[in-house]
>>> print(open('data.cif').read())   # mmCIF, C-alpha atoms and all ligand atoms
data_run
#
loop_
_atom_site.label_atom_id
_atom_site.label_comp_id
_atom_site.auth_asym_id
_atom_site.auth_seq_id
_atom_site.Cartn_x
_atom_site.Cartn_y
_atom_site.Cartn_z
CA MET A 1119 67.14 34.27 -80.49
CA ARG A 1120 66.59 38.04 -80.61
CA ILE A 1121 63.67 39.66 -78.78
CA ASP A 1122 62.31 43.19 -78.69
CA ILE A 1123 61.72 44.50 -75.19
CA THR A 1124 61.08 48.14 -76.07
CA GLY A 1125 58.32 49.56 -73.96
CA PRO A 1126 57.84 51.14 -70.57
CA GLY A 1127 58.52 49.56 -67.20
CA PRO A 1128 60.88 46.98 -65.77
CA LEU A 1129 62.05 43.62 -67.10
CA LEU A 1130 61.67 40.69 -64.73
CA CYS A 1131 64.36 37.96 -64.80
CA PHE A 1132 64.29 34.74 -62.84
CA GLY A 1133 65.84 31.29 -62.97
CA GLY A 1134 65.51 27.80 -61.55
CA PRO A 1135 61.84 27.06 -60.95
CA TYR A 1136 63.15 23.53 -60.21
CA SER A 1137 59.69 21.84 -60.28
CA ASN A 1138 58.68 24.05 -57.33
CA LEU A 1139 55.06 24.85 -58.16
CA GLU A 1140 54.46 27.07 -55.11
CA GLY A 1141 57.55 29.19 -55.91
CA THR A 1142 56.65 29.49 -59.60
CA GLU A 1143 53.05 30.45 -58.82
CA ALA A 1144 54.38 33.12 -56.46
CA MET A 1145 56.72 34.44 -59.18
CA ARG A 1146 53.83 34.78 -61.62
CA ARG A 1147 51.70 36.53 -58.99
CA GLU A 1148 54.59 38.91 -58.30
CA ALA A 1149 54.84 39.74 -62.03
CA GLN A 1150 51.11 40.49 -62.02
CA ARG A 1151 51.43 42.64 -58.90
CA LEU A 1152 54.23 44.59 -60.59
CA ALA A 1153 52.14 44.82 -63.82
CA ILE A 1154 54.97 43.25 -65.87
CA PRO A 1155 53.58 41.57 -69.02
CA PRO A 1156 54.88 38.12 -70.14
CA ASN A 1157 56.87 39.63 -73.02
CA ARG A 1158 59.00 41.51 -70.43
CA VAL A 1159 59.66 38.39 -68.32
CA ILE A 1160 62.72 36.17 -68.96
CA CYS A 1161 63.47 32.79 -67.38
CA THR A 1162 67.11 31.62 -67.39
CA GLY A 1163 66.16 27.91 -67.45
CA ASP A 1164 66.04 24.81 -65.22
CA ILE A 1165 62.26 24.69 -64.92
CA VAL A 1166 62.42 21.04 -63.87
CA ALA A 1167 64.73 19.82 -61.10
CA TYR A 1168 64.68 19.03 -57.39
CA CYS A 1169 61.06 19.58 -56.30
CA ALA A 1170 57.73 17.77 -56.50
CA ASN A 1171 55.86 19.07 -59.56
CA PRO A 1172 57.77 18.85 -62.85
CA ASN A 1173 54.76 18.72 -65.20
CA GLU A 1174 52.66 21.30 -63.37
CA THR A 1175 55.59 23.72 -63.21
CA VAL A 1176 56.33 23.43 -66.96
CA GLU A 1177 52.63 23.83 -67.66
CA LEU A 1178 52.49 27.01 -65.59
CA VAL A 1179 55.51 28.54 -67.38
CA ARG A 1180 54.17 27.57 -70.81
CA ASP A 1181 50.76 29.03 -69.96
CA TRP A 1182 52.43 32.21 -68.66
CA GLY A 1183 54.05 32.75 -72.08
CA CYS A 1184 57.22 34.43 -70.83
CA HIS A 1185 60.59 34.10 -72.59
CA VAL A 1186 62.57 30.99 -71.59
CA ILE A 1187 66.03 29.73 -72.48
CA LYS A 1188 67.23 26.16 -72.22
CA GLY A 1189 69.05 25.25 -69.00
CA ASN A 1190 71.13 22.12 -68.57
CA CYS A 1191 68.03 20.42 -67.11
CA GLU A 1192 65.92 21.17 -70.22
CA GLN A 1193 68.80 20.12 -72.45
CA GLN A 1194 69.33 16.80 -70.69
CA LEU A 1195 65.64 15.93 -70.30
CA ALA A 1196 64.94 16.80 -73.94
CA GLU A 1197 67.83 14.59 -75.07
CA LEU A 1198 66.73 11.68 -72.84
CA ALA A 1199 70.14 11.91 -71.15
CA GLU A 1200 71.03 9.87 -68.08
CA ASP A 1201 71.68 12.74 -65.66
CA CYS A 1202 71.32 16.49 -65.13
CA GLY A 1203 74.58 17.24 -66.95
CA CYS A 1204 76.27 19.11 -64.09
CA GLY A 1205 79.25 16.76 -64.21
CA PHE A 1206 79.37 16.03 -60.48
CA ASP A 1207 82.14 13.66 -59.40
CA ASP A 1208 80.97 10.07 -58.87
CA GLY A 1209 79.80 9.33 -55.35
CA THR A 1210 79.69 12.94 -54.14
CA ALA A 1211 76.61 14.18 -52.31
CA CYS A 1212 75.53 16.22 -55.36
CA ASP A 1213 75.96 13.18 -57.60
CA LEU A 1214 73.84 10.95 -55.35
CA LEU A 1215 71.14 13.58 -54.76
CA SER A 1216 70.87 14.56 -58.43
CA ALA A 1217 70.50 10.91 -59.47
CA ARG A 1218 67.36 10.67 -57.33
CA TRP A 1219 65.56 13.83 -58.40
CA TYR A 1220 66.57 13.44 -62.04
CA ALA A 1221 65.19 9.89 -62.25
CA PHE A 1222 61.90 11.07 -60.71
CA ALA A 1223 61.60 14.05 -63.06
CA ASP A 1224 62.68 12.09 -66.13
CA ASN A 1225 60.14 9.38 -65.40
CA ALA A 1226 57.31 11.83 -64.73
CA LEU A 1227 57.81 14.36 -67.53
CA ARG A 1228 55.19 14.42 -70.28
CA ASP A 1229 56.40 13.99 -73.88
CA ASP A 1230 54.88 17.27 -75.06
CA HIS A 1231 56.80 19.13 -72.32
CA ARG A 1232 60.00 17.38 -73.41
CA GLN A 1233 59.39 18.45 -77.01
CA TRP A 1234 58.71 22.02 -75.91
CA MET A 1235 62.02 22.00 -74.00
CA SER A 1236 63.96 20.78 -77.02
CA ALA A 1237 62.72 23.76 -79.04
CA LEU A 1238 63.83 26.38 -76.47
CA PRO A 1239 66.66 28.74 -77.50
CA ALA A 1240 70.06 28.39 -75.83
CA SER A 1241 70.30 32.18 -75.47
CA ILE A 1242 68.31 35.37 -75.96
CA ASP A 1243 69.65 38.73 -77.16
CA PHE A 1244 68.02 42.12 -76.75
CA GLU A 1245 68.90 45.80 -76.68
CA LEU A 1246 68.67 48.00 -73.63
CA GLY A 1247 69.22 51.62 -74.64
CA THR A 1248 72.56 51.64 -76.48
CA LEU A 1249 73.67 48.46 -74.70
CA THR A 1250 73.35 44.87 -75.88
CA ALA A 1251 72.26 42.12 -73.51
CA ARG A 1252 72.53 38.36 -73.76
CA VAL A 1253 70.71 35.83 -71.57
CA ILE A 1254 72.49 32.51 -71.02
CA HIS A 1255 72.15 29.67 -68.50
CA GLY A 1256 75.64 28.83 -67.17
CA GLY A 1257 78.48 29.90 -69.43
CA VAL A 1258 78.39 31.17 -73.01
CA ARG A 1259 79.65 27.89 -74.48
CA ASP A 1260 79.17 25.52 -71.53
CA VAL A 1261 75.56 25.46 -70.33
CA SER A 1262 76.66 23.81 -67.05
CA ARG A 1263 79.46 26.21 -66.16
CA PHE A 1264 79.15 27.48 -62.60
CA VAL A 1265 79.93 31.19 -62.31
CA PHE A 1266 79.65 32.45 -58.73
CA PRO A 1267 80.11 35.88 -57.12
CA SER A 1268 83.65 34.80 -56.16
CA THR A 1269 84.55 33.44 -59.62
CA ALA A 1270 87.65 35.28 -60.86
CA ASN A 1271 87.00 38.51 -62.75
CA ASP A 1272 89.06 37.38 -65.75
CA VAL A 1273 86.79 34.32 -66.11
CA LYS A 1274 83.72 36.57 -66.09
CA GLN A 1275 85.35 39.06 -68.46
CA ALA A 1276 86.21 36.26 -70.90
CA GLU A 1277 82.61 35.02 -70.81
CA ILE A 1278 81.30 38.54 -71.42
CA ASP A 1279 83.82 39.01 -74.27
CA SER A 1280 82.79 35.78 -75.95
CA ALA A 1281 79.14 36.84 -75.77
CA ALA A 1282 80.10 40.18 -77.38
CA ALA A 1283 77.43 41.79 -75.19
CA ASP A 1284 77.50 44.62 -72.66
CA ILE A 1285 75.19 42.85 -70.23
CA LEU A 1286 75.31 39.13 -69.50
CA ILE A 1287 72.28 37.70 -67.68
CA ALA A 1288 72.96 34.19 -66.38
CA GLY A 1289 71.56 31.55 -64.05
CA HIS A 1290 72.56 28.02 -62.99
CA CYS A 1291 74.71 28.71 -59.90
CA GLY A 1292 71.75 29.37 -57.57
CA ILE A 1293 73.22 32.46 -55.88
CA PRO A 1294 71.95 35.90 -56.98
CA PHE A 1295 74.52 38.61 -57.68
CA VAL A 1296 75.17 41.65 -59.82
CA GLU A 1297 78.62 42.95 -60.73
CA LYS A 1298 79.86 45.81 -62.87
CA PHE A 1299 83.06 45.51 -64.94
CA GLY A 1300 83.81 48.97 -66.33
CA THR A 1301 80.90 49.52 -68.70
CA ARG A 1302 79.79 45.89 -68.61
CA VAL A 1303 77.50 43.99 -66.27
CA TRP A 1304 77.10 40.41 -65.01
CA PHE A 1305 73.58 39.89 -63.66
CA ASN A 1306 72.46 36.64 -62.07
CA PRO A 1307 68.91 37.12 -60.75
CA GLY A 1308 69.08 33.91 -58.72
CA VAL A 1309 66.56 31.08 -58.57
CA ILE A 1310 63.01 30.78 -57.30
CA GLY A 1311 62.79 27.04 -56.69
CA MET A 1312 65.45 26.65 -53.99
CA PRO A 1313 66.73 29.05 -51.31
CA ALA A 1314 70.07 30.83 -51.68
CA ASN A 1315 71.78 28.88 -48.85
CA ASP A 1316 71.34 31.97 -46.65
CA ALA A 1317 69.17 30.34 -43.97
CA THR A 1318 66.00 31.98 -45.27
CA PRO A 1319 63.46 29.99 -47.31
CA ASP A 1320 62.99 32.76 -49.89
CA GLY A 1321 63.76 32.51 -53.58
CA TRP A 1322 65.33 35.38 -55.56
CA TYR A 1323 64.52 37.23 -58.77
CA GLY A 1324 65.83 40.28 -60.63
CA LEU A 1325 64.42 43.47 -62.11
CA ILE A 1326 66.00 45.70 -64.75
CA THR A 1327 64.27 49.06 -64.63
CA PRO A 1328 65.20 51.60 -67.35
CA GLN A 1329 65.24 55.22 -66.18
CA PRO A 1330 64.87 57.16 -69.48
CA GLU A 1331 65.10 60.56 -67.76
CA THR A 1332 68.65 59.82 -66.55
CA GLY A 1333 69.79 57.44 -69.32
CA THR A 1334 70.36 54.70 -66.74
CA ALA A 1335 68.89 51.37 -65.67
CA VAL A 1336 68.62 49.99 -62.15
CA PHE A 1337 69.53 46.31 -61.71
CA SER A 1338 67.74 44.99 -58.65
CA LEU A 1339 67.90 41.71 -56.73
CA ARG A 1340 64.72 40.93 -54.82
CA ARG A 1341 63.53 38.26 -52.41
CA LEU A 1342 60.60 36.09 -53.47
CA CYS A 1343 58.69 35.32 -50.28
CA TYR A 1344 56.30 32.39 -50.77
CA ASP A 1345 54.97 29.34 -48.97
CA ALA A 1346 58.19 27.31 -49.05
CA GLN A 1347 56.91 25.13 -46.19
CA ALA A 1348 54.05 23.95 -48.42
CA ALA A 1349 56.55 23.12 -51.20
CA ALA A 1350 58.64 21.24 -48.62
CA ARG A 1351 55.64 19.25 -47.37
CA ARG A 1352 54.67 18.30 -50.91
CA LEU A 1353 58.22 17.15 -51.67
CA ALA A 1354 58.56 15.28 -48.36
CA ARG A 1355 55.38 13.34 -49.16
CA LEU A 1356 57.14 11.90 -52.23
CA GLY A 1357 59.87 10.64 -49.92
CA HIS A 1358 62.67 10.35 -52.48
CA VAL A 1359 64.68 13.53 -51.86
CA ASP A 1360 64.26 14.48 -48.21
CA SER A 1361 67.41 16.59 -48.31
CA TYR A 1362 65.79 19.07 -50.70
CA ALA A 1363 62.59 19.19 -48.62
CA GLU A 1364 64.81 20.07 -45.67
CA ALA A 1365 66.56 22.75 -47.77
CA LEU A 1366 63.19 24.33 -48.58
CA ARG A 1367 62.38 24.38 -44.86
CA THR A 1368 65.70 25.71 -43.57
CA GLY A 1369 67.06 27.79 -46.43
CA LEU A 1370 70.30 25.80 -46.39
CA TRP A 1371 71.56 23.64 -49.25
CA PRO A 1372 71.89 19.88 -48.66
CA SER A 1373 75.42 19.86 -50.10
CA LEU A 1374 78.06 22.55 -50.56
CA ASP A 1375 80.09 20.47 -53.03
CA VAL A 1376 79.74 22.93 -55.91
CA LEU A 1377 80.36 26.06 -53.83
CA PRO A 1378 83.75 27.83 -53.85
CA GLN A 1379 85.25 28.57 -50.43
CA ALA A 1380 84.03 32.19 -50.38
CA GLU A 1381 80.38 31.15 -50.90
CA ARG A 1382 80.71 28.30 -48.37
CA GLN A 1383 81.70 30.88 -45.78
CA GLN A 1384 78.51 32.81 -46.56
CA THR A 1385 76.36 29.80 -45.61
CA GLY A 1386 73.54 30.87 -43.30
CA ILE A 1387 74.17 34.61 -43.68
CA PRO A 1388 71.03 36.32 -45.05
CA LEU A 1389 71.62 38.01 -48.41
CA ARG A 1390 70.69 41.65 -48.92
CA GLU A 1391 68.45 43.03 -51.64
CA ILE A 1392 70.52 45.20 -53.99
CA ASP A 1393 69.93 48.07 -56.44
CA LEU A 1394 72.80 48.91 -58.82
CA THR A 1395 72.48 51.79 -61.28
CA ILE A 1396 74.11 51.39 -64.71
CA SER A 1397 74.52 54.02 -67.42
CA LEU A 1398 72.79 52.99 -70.64
CA ASP A 1399 75.02 55.26 -72.70
CA PRO A 1400 78.49 54.85 -71.22
CA THR A 1401 80.40 56.52 -74.11
FE FE A 1501 71.43 24.66 -64.29
#
>>> encode(input="data.cif", output="C-alpha cells")
Amino acid sequence: MRIDITGPGPLLCFGGPYSNLEGTEAMRREAQRLAIPPNRVICTGDIVAYCANPNETVELVRDWGCHVIKGNCEQQLAELAEDCGCGFDDGTACDLLSARWYAFADNALRDDHRQWMSALPASIDFELGTLTARVIHGGVRDVSRFVFPSTANDVKQAEIDSAAADILIAGHCGIPFVEKFGTRVWFNPGVIGMPANDATPDGWYGLITPQPETGTAVFSLRRLCYDAQAAARRLARLGHVDSYAEALRTGLWPSLDVLPQAERQQTGIPLREIDLTISLDPT
C-alpha cells in the first residue's frame, strides 16, 4: 500500500503494542504531545501479543486511525492459526510461553478486530524527499524473520535490495536500532509493549524528522516512559503468563532463545537514545 506523508514535521514509527494498553495509551499521548497527526504515525504490527488487553489495545489503535501493517500476530490471529507463527522449536521456553499468551489472545479477540486485522496491508511504501521507504514487519518475504542489530550486513542488504527501497522500516525483533548502508538505511523503531531487555521498563519508538533546509532527515530512537508496573499488575492478575509480567517489571526478557550471542551479551545494559542524520538526496 502506498501512502502520502508530505507535510511538515516528523513521522512517528512504533511497533509491538503487544496487548499492552498502558504502553499504547502512552504512545498515543506522546504523539499528541509532539503534535504528530495520525496520518504521520506508522505501526509496524503485532498489536496483540503477550499482555493483558488484546481487544482494548486494538480498539485504541483503530480509534487512533494511524497507519498499521500486518505483523505475524495479526496474520496468525486473522487466519485462525494455532500459534503466533514465530516458528519456535518445540519445547523451548519461547514455544511454551507463546502457547499460553496466544491461546489467551486468540480466545479473547473479537471477530470484528480479527476481520480488521485480515484487511491490513503487509507493507507500506512512501517517499521521503528523493528516497523511497518501505515499512515491513520482519523480513520482506518472511513476516517472521528476525533481523537484529548483529544480523550480518549481507542479510540486511539482501532484504533492502529485495524491497527495492532506500529506507527499510521494520519491527518484530523487539530491539530498536538504526543502521546506514552507504545511501541506504535500516530503521527498527523498537516496540512499545515489552522492554528492550536492557533492564529498564521503557518501551521504544522512532521519529523521522525531515530537515528541508539541509536536505537531510534525522532518524531518532526514543524511550517511551510509561506506567509499566501498572501493565505488569494487570497481566499478573490474569495469572497465565507471569514471566511477561516479570519482564514488564524488570525490563528483562523471560527467554533469550531468539537472541543472537551479541544481543544476549547486551542483556541488562541500558540502551542509548540515538539521532542519525541521513541525506535525502545522496546523488
Ligand atoms: Fe512479530
>>> residues_around(input="data.cif", residues="Met1145 in chain A", least_positions_apart="6", cutoff="10 Å", atoms="all atoms listed in the file", output="PyMOL selection string")
chain A and resi 1130+1132+1135+1139+1151+1310-1311+1321-1323+1342-1344
>>> residues_near_ligand(input="data.cif", ligand="ligand FE 1501 (chain A)", cutoff="10 Å", atoms="only C-alpha atoms and all ligand atoms", output="ChimeraX atom specification")
/A:1133-1134,1136,1162-1167,1188-1193,1202-1204,1255-1256,1261-1264,1288-1292,1309
>>> residues_around(input="data.cif", residues="Val1336 in chain A", least_positions_apart="4", cutoff="9 Å", atoms="only C-alpha atoms", output="VMD selection string")
chain A and resid 1325 to 1329 1393 to 1397
>>> write_last_selection(input="data.cif", atoms="C-alpha atoms", output="PDB file, in the frame of the given file")
ATOM      1  CA  LEU A1325      64.420  43.470 -62.110  1.00  0.00           C
ATOM      2  CA  ILE A1326      66.000  45.700 -64.750  1.00  0.00           C
ATOM      3  CA  THR A1327      64.270  49.060 -64.630  1.00  0.00           C
ATOM      4  CA  PRO A1328      65.200  51.600 -67.350  1.00  0.00           C
ATOM      5  CA  GLN A1329      65.240  55.220 -66.180  1.00  0.00           C
ATOM      6  CA  ASP A1393      69.930  48.070 -56.440  1.00  0.00           C
ATOM      7  CA  LEU A1394      72.800  48.910 -58.820  1.00  0.00           C
ATOM      8  CA  THR A1395      72.480  51.790 -61.280  1.00  0.00           C
ATOM      9  CA  ILE A1396      74.110  51.390 -64.710  1.00  0.00           C
ATOM     10  CA  SER A1397      74.520  54.020 -67.420  1.00  0.00           C
TER      11      SER A1397
END
>>> atom_distance(input="data.cif", atom1="CA of Ile1187 in chain A", atom2="CA of His1231 in chain A")
14.1 Å
>>> atom_distance(input="data.cif", atom1="CA of Leu1377 in chain A", atom2="CA of Ile1278 in chain A")
21.6 Å
>>> axis_aligned_box(input="data.cif", around="range 1377-1381 of chain A", padding_each_side="6 Å", output="JSON")
{"center_x": 82.8, "center_y": 29.1, "center_z": -52.1, "size_x": 16.9, "size_y": 18.1, "size_z": 15.5}
>>> closest_residue(input="data.cif", among="A:Trp1371, A:Arg1352, A:Cys1131, A:Val1186", to="Pro1307 in chain A", atoms="all atoms listed in the file")
A:Cys1131
>>> residues_around(input="data.cif", residues="Pro1267 in chain A", least_positions_apart="4", cutoff="8 Å", atoms="all atoms listed in the file", output="VMD selection string")
chain A and resid 1293 1295 1381
>>> residues_around(input="data.cif", residues="Tyr1362 in chain A", least_positions_apart="2", cutoff="8 Å", atoms="only C-alpha atoms", output="JSON, numbers by chain")
{"A": [1168, 1169, 1350, 1353, 1359, 1360, 1364, 1365, 1366, 1371, 1372]}
>>> residues_near_point(input="data.cif", point="(70.5, 39.1, -48.0)", cutoff="9 Å", atoms="all atoms listed in the file", output="VMD selection string")
chain A and resid 1316 1318 1341 1387 to 1392
>>> atom_distance(input="data.cif", atom1="CA of Pro1319 in chain A", atom2="CA of Gln1347 in chain A")
8.2 Å
>>> residues_around(input="data.cif", residues="Cys1212 in chain A", least_positions_apart="6", cutoff="7 Å", atoms="only C-alpha atoms", output="list in words")
Phe1206, Ser1373 and Asp1375 of chain A
